[in-house]
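The data block below is upload.pdb; it holds PDB, C-alpha atoms.
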ATOM      1  CA  MET T   1       0.000   0.000   0.000  1.00  0.00           C
ATOM      2  CA  THR T   2       1.263   3.486  -0.852  1.00  0.00           C
ATOM      3  CA  LEU T   3       0.006   6.511   1.019  1.00  0.00           C
ATOM      4  CA  THR T   4       0.196  10.057  -0.272  1.00  0.00           C
ATOM      5  CA  THR T   5      -0.895  13.394   1.054  1.00  0.00           C
ATOM      6  CA  THR T   6      -2.200  16.365  -0.898  1.00  0.00           C
ATOM      7  CA  THR T   7      -2.652  19.810   0.586  1.00  0.00           C
ATOM      8  CA  HIS T   8      -6.350  20.743   0.572  1.00  0.00           C
ATOM      9  CA  LEU T   9      -6.973  24.463   0.977  1.00  0.00           C
ATOM     10  CA  ASN T  10     -10.254  26.012   2.088  1.00  0.00           C
ATOM     11  CA  PHE T  11     -11.356  29.363   0.700  1.00  0.00           C
ATOM     12  CA  ARG T  12     -14.330  31.699   1.009  1.00  0.00           C
ATOM     13  CA  GLY T  13     -15.336  32.285  -2.594  1.00  0.00           C
ATOM     14  CA  THR T  14     -11.857  32.503  -4.137  1.00  0.00           C
ATOM     15  CA  ALA T  15     -10.993  28.822  -4.737  1.00  0.00           C
ATOM     16  CA  ARG T  16     -11.321  29.058  -8.528  1.00  0.00           C
ATOM     17  CA  GLU T  17      -9.144  32.190  -8.677  1.00  0.00           C
ATOM     18  CA  ALA T  18      -6.592  30.577  -6.343  1.00  0.00           C
ATOM     19  CA  LEU T  19      -6.449  27.368  -8.410  1.00  0.00           C
ATOM     20  CA  GLU T  20      -5.939  29.378 -11.600  1.00  0.00           C
ATOM     21  CA  PHE T  21      -3.136  31.344  -9.916  1.00  0.00           C
ATOM     22  CA  TYR T  22      -1.456  28.176  -8.600  1.00  0.00           C
ATOM     23  CA  ALA T  23      -1.797  26.609 -12.063  1.00  0.00           C
ATOM     24  CA  ARG T  24       0.377  29.421 -13.417  1.00  0.00           C
ATOM     25  CA  VAL T  25       2.833  29.125 -10.511  1.00  0.00           C
ATOM     26  CA  PHE T  26       3.229  25.346 -10.779  1.00  0.00           C
ATOM     27  CA  ASP T  27       2.586  24.885 -14.503  1.00  0.00           C
ATOM     28  CA  GLY T  28      -0.412  22.663 -13.936  1.00  0.00           C
ATOM     29  CA  GLN T  29      -3.969  22.161 -15.029  1.00  0.00           C
ATOM     30  CA  PRO T  30      -6.815  22.986 -12.609  1.00  0.00           C
ATOM     31  CA  MET T  31     -10.017  20.964 -12.640  1.00  0.00           C
ATOM     32  CA  VAL T  32     -13.061  22.505 -10.962  1.00  0.00           C
ATOM     33  CA  THR T  33     -16.475  21.154  -9.991  1.00  0.00           C
ATOM     34  CA  THR T  34     -19.034  23.652  -8.703  1.00  0.00           C
ATOM     35  CA  TYR T  35     -21.952  23.080  -6.375  1.00  0.00           C
ATOM     36  CA  ALA T  36     -24.242  23.637  -9.403  1.00  0.00           C
ATOM     37  CA  ASP T  37     -22.411  20.865 -11.283  1.00  0.00           C
ATOM     38  CA  LEU T  38     -23.532  18.508  -8.507  1.00  0.00           C
ATOM     39  CA  GLY T  39     -27.189  19.526  -8.607  1.00  0.00           C
ATOM     40  CA  MET T  40     -27.531  22.739  -6.627  1.00  0.00           C
ATOM     41  CA  PRO T  41     -29.959  25.063  -8.420  1.00  0.00           C
ATOM     42  CA  ALA T  42     -27.883  27.387 -10.602  1.00  0.00           C
ATOM     43  CA  ASP T  43     -29.575  30.477  -9.167  1.00  0.00           C
ATOM     44  CA  ALA T  44     -28.930  29.471  -5.532  1.00  0.00           C
ATOM     45  CA  PRO T  45     -26.361  31.573  -3.653  1.00  0.00           C
ATOM     46  CA  GLY T  46     -22.937  29.941  -3.956  1.00  0.00           C
ATOM     47  CA  ALA T  47     -23.937  27.570  -6.753  1.00  0.00           C
ATOM     48  CA  ASP T  48     -21.037  28.769  -8.889  1.00  0.00           C
ATOM     49  CA  THR T  49     -18.436  28.285  -6.145  1.00  0.00           C
ATOM     50  CA  VAL T  50     -16.032  25.347  -5.966  1.00  0.00           C
ATOM     51  CA  VAL T  51     -17.047  22.155  -4.170  1.00  0.00           C
ATOM     52  CA  PHE T  52     -14.092  20.186  -5.586  1.00  0.00           C
ATOM     53  CA  GLY T  53     -10.993  21.640  -7.154  1.00  0.00           C
ATOM     54  CA  ILE T  54      -7.666  20.046  -7.886  1.00  0.00           C
ATOM     55  CA  LEU T  55      -4.493  21.189  -9.557  1.00  0.00           C
ATOM     56  CA  VAL T  56      -2.239  18.554 -11.098  1.00  0.00           C
ATOM     57  CA  ALA T  57       1.153  19.506 -12.554  1.00  0.00           C
ATOM     58  CA  ALA T  58       3.298  17.427 -14.902  1.00  0.00           C
ATOM     59  CA  ASP T  59       6.010  17.095 -12.225  1.00  0.00           C
ATOM     60  CA  GLY T  60       3.535  15.459  -9.812  1.00  0.00           C
ATOM     61  CA  PHE T  61       2.718  18.530  -7.736  1.00  0.00           C
ATOM     62  CA  ARG T  62      -0.898  18.390  -6.538  1.00  0.00           C
ATOM     63  CA  LEU T  63      -3.084  20.824  -4.643  1.00  0.00           C
ATOM     64  CA  MET T  64      -6.776  20.657  -3.786  1.00  0.00           C
ATOM     65  CA  ALA T  65      -9.135  23.515  -2.936  1.00  0.00           C
ATOM     66  CA  TYR T  66     -12.770  24.297  -2.299  1.00  0.00           C
ATOM     67  CA  ASP T  67     -15.012  27.132  -1.187  1.00  0.00           C
ATOM     68  CA  VAL T  68     -16.432  26.773   2.301  1.00  0.00           C
ATOM     69  CA  PRO T  69     -20.197  27.362   2.054  1.00  0.00           C
ATOM     70  CA  GLY T  70     -21.395  30.668   3.423  1.00  0.00           C
ATOM     71  CA  PRO T  71     -20.674  34.328   2.868  1.00  0.00           C
ATOM     72  CA  ALA T  72     -17.685  35.026   0.627  1.00  0.00           C
ATOM     73  CA  ALA T  73     -14.954  36.970   2.378  1.00  0.00           C
ATOM     74  CA  GLY T  74     -11.766  36.369   0.366  1.00  0.00           C
ATOM     75  CA  ALA T  75      -8.329  36.137   1.949  1.00  0.00           C
ATOM     76  CA  GLU T  76      -9.533  37.962   5.065  1.00  0.00           C
ATOM     77  CA  ALA T  77     -11.384  34.791   6.039  1.00  0.00           C
ATOM     78  CA  VAL T  78      -8.113  32.930   6.580  1.00  0.00           C
ATOM     79  CA  ALA T  79      -7.404  33.115  10.284  1.00  0.00           C
ATOM     80  CA  GLY T  80      -4.028  33.970  11.689  1.00  0.00           C
ATOM     81  CA  THR T  81      -0.882  35.939  11.119  1.00  0.00           C
ATOM     82  CA  THR T  82       2.788  35.072  10.792  1.00  0.00           C
ATOM     83  CA  HIS T  83       5.920  37.167  11.191  1.00  0.00           C
ATOM     84  CA  ARG T  84       9.607  36.822  12.005  1.00  0.00           C
ATOM     85  CA  GLU T  85      11.089  38.353  15.129  1.00  0.00           C
ATOM     86  CA  ASN T  86      14.577  37.870  16.540  1.00  0.00           C
ATOM     87  CA  GLY T  87      15.206  34.952  14.206  1.00  0.00           C
ATOM     88  CA  MET T  88      12.005  33.136  15.213  1.00  0.00           C
ATOM     89  CA  THR T  89       8.770  32.551  13.337  1.00  0.00           C
ATOM     90  CA  LEU T  90       5.799  33.712  15.399  1.00  0.00           C
ATOM     91  CA  THR T  91       2.374  32.574  14.240  1.00  0.00           C
ATOM     92  CA  ASP T  92      -1.109  31.666  15.340  1.00  0.00           C
ATOM     93  CA  ARG T  93      -1.831  29.739  12.120  1.00  0.00           C
ATOM     94  CA  THR T  94      -2.492  26.024  12.385  1.00  0.00           C
ATOM     95  CA  PHE T  95      -0.376  25.100   9.344  1.00  0.00           C
ATOM     96  CA  PHE T  96       2.032  26.259   6.614  1.00  0.00           C
ATOM     97  CA  VAL T  97       2.482  24.717   3.180  1.00  0.00           C
ATOM     98  CA  SER T  98       6.069  23.526   2.741  1.00  0.00           C
ATOM     99  CA  LEU T  99       7.461  23.666  -0.789  1.00  0.00           C
ATOM    100  CA  GLN T 100      10.896  22.144  -1.359  1.00  0.00           C
ATOM    101  CA  GLY T 101      12.982  21.756  -4.475  1.00  0.00           C
ATOM    102  CA  ASP T 102      16.339  20.248  -5.325  1.00  0.00           C
ATOM    103  CA  THR T 103      17.984  23.461  -6.561  1.00  0.00           C
ATOM    104  CA  LEU T 104      17.900  27.162  -5.782  1.00  0.00           C
ATOM    105  CA  ASP T 105      16.870  27.911  -9.394  1.00  0.00           C
ATOM    106  CA  GLU T 106      13.885  25.559  -9.060  1.00  0.00           C
ATOM    107  CA  VAL T 107      12.578  27.114  -5.843  1.00  0.00           C
ATOM    108  CA  THR T 108      13.361  30.681  -6.951  1.00  0.00           C
ATOM    109  CA  ALA T 109      11.094  30.329  -9.983  1.00  0.00           C
ATOM    110  CA  ARG T 110       8.187  29.190  -7.787  1.00  0.00           C
ATOM    111  CA  TRP T 111       9.004  31.798  -5.120  1.00  0.00           C
ATOM    112  CA  ASP T 112       8.942  34.629  -7.636  1.00  0.00           C
ATOM    113  CA  ALA T 113       5.543  33.513  -8.931  1.00  0.00           C
ATOM    114  CA  LEU T 114       4.038  32.995  -5.442  1.00  0.00           C
ATOM    115  CA  ALA T 115       5.364  36.397  -4.324  1.00  0.00           C
ATOM    116  CA  GLU T 116       3.056  38.236  -6.753  1.00  0.00           C
ATOM    117  CA  GLY T 117       0.741  40.137  -4.409  1.00  0.00           C
ATOM    118  CA  ALA T 118       2.146  38.322  -1.359  1.00  0.00           C
ATOM    119  CA  THR T 119       3.414  39.500   2.014  1.00  0.00           C
ATOM    120  CA  VAL T 120       7.018  38.357   2.374  1.00  0.00           C
ATOM    121  CA  ILE T 121       7.724  37.141   5.897  1.00  0.00           C
ATOM    122  CA  GLU T 122      11.330  36.073   5.295  1.00  0.00           C
ATOM    123  CA  PRO T 123      12.994  36.807   1.941  1.00  0.00           C
ATOM    124  CA  LEU T 124      14.297  33.832  -0.023  1.00  0.00           C
ATOM    125  CA  ALA T 125      18.023  33.647   0.774  1.00  0.00           C
ATOM    126  CA  ALA T 126      20.717  31.252   1.935  1.00  0.00           C
ATOM    127  CA  SER T 127      20.273  30.097   5.524  1.00  0.00           C
ATOM    128  CA  ALA T 128      22.270  28.035   8.004  1.00  0.00           C
ATOM    129  CA  TRP T 129      20.447  24.880   6.874  1.00  0.00           C
ATOM    130  CA  SER T 130      19.639  25.493   3.209  1.00  0.00           C
ATOM    131  CA  ALA T 131      20.935  27.103   0.023  1.00  0.00           C
ATOM    132  CA  GLY T 132      17.628  28.962  -0.038  1.00  0.00           C
ATOM    133  CA  PHE T 133      14.872  29.504   2.517  1.00  0.00           C
ATOM    134  CA  GLY T 134      11.974  31.956   2.592  1.00  0.00           C
ATOM    135  CA  MET T 135       8.434  32.409   3.874  1.00  0.00           C
ATOM    136  CA  LEU T 136       5.527  34.361   2.451  1.00  0.00           C
ATOM    137  CA  THR T 137       1.784  34.633   2.771  1.00  0.00           C
ATOM    138  CA  ASP T 138       0.330  34.683  -0.723  1.00  0.00           C
ATOM    139  CA  ARG T 139      -2.509  36.899  -1.883  1.00  0.00           C
ATOM    140  CA  PHE T 140      -5.007  34.190  -0.920  1.00  0.00           C
ATOM    141  CA  GLY T 141      -3.854  34.049   2.709  1.00  0.00           C
ATOM    142  CA  VAL T 142      -1.828  30.813   2.401  1.00  0.00           C
ATOM    143  CA  THR T 143       1.583  30.835   4.104  1.00  0.00           C
ATOM    144  CA  TRP T 144       4.295  29.017   2.168  1.00  0.00           C
ATOM    145  CA  VAL T 145       7.661  27.883   3.521  1.00  0.00           C
ATOM    146  CA  VAL T 146       9.946  27.552   0.486  1.00  0.00           C
ATOM    147  CA  ASP T 147      13.397  26.008   0.655  1.00  0.00           C
ATOM    148  CA  VAL T 148      16.058  24.016  -1.123  1.00  0.00           C
ATOM    149  CA  ARG T 149      16.003  20.403   0.033  1.00  0.00           C
ATOM    150  CA  THR T 150      19.097  19.338   1.963  1.00  0.00           C
ATOM    151  CA  ALA T 151      20.757  15.965   1.372  1.00  0.00           C
TER
END

Take the structure I supplied and represent it as structure tokens, if you would.
Amino acid sequence: MTLTTTTHLNFRGTAREALEFYARVFDGQPMVTTYADLGMPADAPGADTVVFGILVAADGFRLMAYDVPGPAAGAEAVAGTTHRENGMTLTDRTFFVSLQGDTLDEVTARWDALAEGATVIEPLAASAWSAGFGMLTDRFGVTWVVDVRTA
């Protein structure tokens, strides 16, 4: 038996936009199913929002997303904040998404794309443990930890 894990992100009305953005970042193809696609009346509030969304990239990268039912609130609906202080990461978020690559060039390309409209917490740079490490909260409220994989 082989187990895998795929990050599943929850949004408030922006899942489709987020999946399209991540498709550009990770060179993948998003697939979206709306609540209306599964039988909700098309004129019902939220019928056009995402009940099942997945991004699959050629390199195997996968990401899932959906819109939590209820009032749309965008990135503001994502609870928590993260910042660096005295060399420590201080946060009240329950998770980060870790993105690792084998080379600095590989992670820099993804970093640059994710940084569009993001809040940079720690700039991507060499660290004591990696050829490249950085943290940012993207424009959808998702905090990414990006680094070069160590041997």

(message) Suppose a student applies the PyMOL selection byres ((chain T and resi 23) around 12) to this structure; what residues should they get, written as a ChimeraX atom specification?
(response) /T:15-22,24-31,53-58,61-64,110,113-114

(message) Give me the residues near Thr49 (chain T) as number ranges by chain, where near means some atom within 7 Å (using only C-alpha atoms) and where sequence neighbours in that chain fewer than 4 positions away do not count.
(response) T: 13, 34-35, 67

(request) Using all atoms listed in the file, pick whichever of T:Ala47, T:Ala36, T:Ala125, T:Val68 has the shortest atom-to-atom distance to Asp105 (chain T). (result) T:Ala125

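Taking CA of Gly101 (chain T) and CA of Gly117 (chain T) as the two end points, the separation is 22.1 Å.
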
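Across the model, the gap from CA of Phe52 (chain T) to CA of Asp92 (chain T) is 27.2 Å.
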
(message) Using only C-alpha atoms, can you tell me which of T:Thr5, T:Ser127, T:Thr33, T:Thr150 comes closest to Gln100 (chain T)?
(response) T:Thr150

(request) Apply the PyMOL selection byres ((chain T and resi 93) around 12) to the structure shown and report the selected residues as a PyMOL selection string. (result) chain T and resi 78-83+89-92+94-97+137+141-144

Export region 21-71 of chain T, N, CA and C atoms, as a compact mmCIF listing (two decimals), in the first residue's frame; it's the structure right above.
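Written file, decode.txt:
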# COMPACT_ATOMS: atom_id res chain seq x y z
N PHE T 21 -4.42 30.75 -10.26
CA PHE T 21 -3.14 31.34 -9.92
C PHE T 21 -2.08 30.26 -9.69
N TYR T 22 -2.41 29.25 -8.88
CA TYR T 22 -1.46 28.18 -8.60
C TYR T 22 -1.13 27.38 -9.86
N ALA T 23 -2.07 27.29 -10.79
CA ALA T 23 -1.80 26.61 -12.06
C ALA T 23 -0.69 27.33 -12.82
N ARG T 24 -0.70 28.66 -12.77
CA ARG T 24 0.38 29.42 -13.42
C ARG T 24 1.69 29.25 -12.66
N VAL T 25 1.63 29.26 -11.34
CA VAL T 25 2.83 29.12 -10.51
C VAL T 25 3.50 27.77 -10.73
N PHE T 26 2.69 26.71 -10.75
CA PHE T 26 3.23 25.35 -10.78
C PHE T 26 3.10 24.66 -12.14
N ASP T 27 2.69 25.41 -13.15
CA ASP T 27 2.59 24.89 -14.50
C ASP T 27 1.71 23.63 -14.53
N GLY T 28 0.50 23.79 -14.01
CA GLY T 28 -0.41 22.66 -13.94
C GLY T 28 -1.75 22.97 -14.56
N GLN T 29 -2.63 22.04 -14.47
CA GLN T 29 -3.97 22.16 -15.03
C GLN T 29 -5.00 22.03 -13.91
N PRO T 30 -5.78 23.10 -13.64
CA PRO T 30 -6.81 22.99 -12.61
C PRO T 30 -8.07 22.32 -13.16
N MET T 31 -8.72 21.55 -12.33
CA MET T 31 -10.02 20.96 -12.64
C MET T 31 -10.97 21.40 -11.54
N VAL T 32 -12.14 21.92 -11.92
CA VAL T 32 -13.06 22.50 -10.96
C VAL T 32 -14.45 21.91 -11.14
N THR T 33 -15.07 21.56 -10.03
CA THR T 33 -16.47 21.15 -9.99
C THR T 33 -17.19 22.12 -9.06
N THR T 34 -18.28 22.71 -9.52
CA THR T 34 -19.03 23.65 -8.70
C THR T 34 -20.19 22.93 -8.01
N TYR T 35 -20.78 23.62 -7.05
CA TYR T 35 -21.95 23.08 -6.38
C TYR T 35 -23.08 22.87 -7.39
N ALA T 36 -23.21 23.78 -8.37
CA ALA T 36 -24.24 23.64 -9.40
C ALA T 36 -24.00 22.39 -10.25
N ASP T 37 -22.73 22.07 -10.51
CA ASP T 37 -22.41 20.87 -11.28
C ASP T 37 -22.93 19.60 -10.59
N LEU T 38 -23.08 19.67 -9.27
CA LEU T 38 -23.53 18.51 -8.51
C LEU T 38 -25.01 18.59 -8.13
N GLY T 39 -25.74 19.52 -8.78
CA GLY T 39 -27.19 19.53 -8.61
C GLY T 39 -27.78 20.70 -7.86
N MET T 40 -26.96 21.57 -7.29
CA MET T 40 -27.53 22.74 -6.63
C MET T 40 -28.17 23.62 -7.70
N PRO T 41 -29.35 24.17 -7.43
CA PRO T 41 -29.96 25.06 -8.42
C PRO T 41 -28.99 26.18 -8.80
N ALA T 42 -28.86 26.43 -10.09
CA ALA T 42 -27.88 27.39 -10.60
C ALA T 42 -28.09 28.80 -10.06
N ASP T 43 -29.32 29.13 -9.68
CA ASP T 43 -29.57 30.48 -9.17
C ASP T 43 -29.45 30.56 -7.64
N ALA T 44 -29.11 29.46 -6.99
CA ALA T 44 -28.93 29.47 -5.53
C ALA T 44 -27.62 30.18 -5.19
N PRO T 45 -27.60 30.91 -4.06
CA PRO T 45 -26.36 31.57 -3.65
C PRO T 45 -25.23 30.55 -3.48
N GLY T 46 -24.08 30.82 -4.08
CA GLY T 46 -22.94 29.94 -3.96
C GLY T 46 -22.89 28.79 -4.94
N ALA T 47 -23.88 28.70 -5.82
CA ALA T 47 -23.94 27.57 -6.75
C ALA T 47 -22.74 27.54 -7.69
N ASP T 48 -22.17 28.71 -7.97
CA ASP T 48 -21.04 28.77 -8.89
C ASP T 48 -19.69 28.65 -8.18
N THR T 49 -19.69 28.43 -6.86
CA THR T 49 -18.44 28.29 -6.15
C THR T 49 -17.95 26.84 -6.20
N VAL T 50 -16.72 26.63 -5.78
CA VAL T 50 -16.03 25.35 -5.97
C VAL T 50 -16.31 24.38 -4.81
N VAL T 51 -16.86 23.22 -5.15
CA VAL T 51 -17.05 22.15 -4.17
C VAL T 51 -15.87 21.17 -4.24
N PHE T 52 -15.26 21.05 -5.41
CA PHE T 52 -14.09 20.19 -5.59
C PHE T 52 -13.18 20.80 -6.63
N GLY T 53 -11.97 21.11 -6.22
CA GLY T 53 -10.99 21.64 -7.15
C GLY T 53 -9.67 20.96 -6.93
N ILE T 54 -8.99 20.66 -8.00
CA ILE T 54 -7.67 20.05 -7.89
C ILE T 54 -6.77 20.60 -8.98
N LEU T 55 -5.53 20.77 -8.63
CA LEU T 55 -4.49 21.19 -9.56
C LEU T 55 -3.51 20.04 -9.65
N VAL T 56 -3.22 19.61 -10.87
CA VAL T 56 -2.24 18.55 -11.10
C VAL T 56 -1.21 19.10 -12.09
N ALA T 57 0.07 19.04 -11.69
CA ALA T 57 1.15 19.51 -12.55
C ALA T 57 1.90 18.30 -13.11
N ALA T 58 2.57 18.51 -14.24
CA ALA T 58 3.30 17.43 -14.90
C ALA T 58 4.37 16.81 -14.01
N ASP T 59 4.95 17.61 -13.09
CA ASP T 59 6.01 17.10 -12.22
C ASP T 59 5.48 16.35 -11.00
N GLY T 60 4.13 16.19 -10.92
CA GLY T 60 3.54 15.46 -9.81
C GLY T 60 2.99 16.33 -8.70
N PHE T 61 3.25 17.62 -8.74
CA PHE T 61 2.72 18.53 -7.74
C PHE T 61 1.19 18.51 -7.80
N ARG T 62 0.56 18.42 -6.63
CA ARG T 62 -0.90 18.39 -6.54
C ARG T 62 -1.35 19.31 -5.42
N LEU T 63 -2.50 19.93 -5.62
CA LEU T 63 -3.08 20.82 -4.64
C LEU T 63 -4.59 20.77 -4.82
N MET T 64 -5.32 20.67 -3.73
CA MET T 64 -6.78 20.66 -3.79
C MET T 64 -7.31 21.93 -3.12
N ALA T 65 -8.52 22.33 -3.52
CA ALA T 65 -9.14 23.51 -2.94
C ALA T 65 -10.65 23.45 -3.09
N TYR T 66 -11.32 24.12 -2.16
CA TYR T 66 -12.77 24.30 -2.30
C TYR T 66 -13.21 25.55 -1.58
N ASP T 67 -14.43 25.98 -1.85
CA ASP T 67 -15.01 27.13 -1.19
C ASP T 67 -15.91 26.65 -0.06
N VAL T 68 -15.60 27.09 1.14
CA VAL T 68 -16.43 26.77 2.30
C VAL T 68 -17.78 27.45 2.09
N PRO T 69 -18.89 26.73 2.23
CA PRO T 69 -20.20 27.36 2.05
C PRO T 69 -20.40 28.52 3.03
N GLY T 70 -21.11 29.51 2.58
CA GLY T 70 -21.39 30.67 3.42
C GLY T 70 -20.94 31.94 2.74
N PRO T 71 -21.03 33.03 3.47
CA PRO T 71 -20.67 34.33 2.87
C PRO T 71 -19.23 34.35 2.37
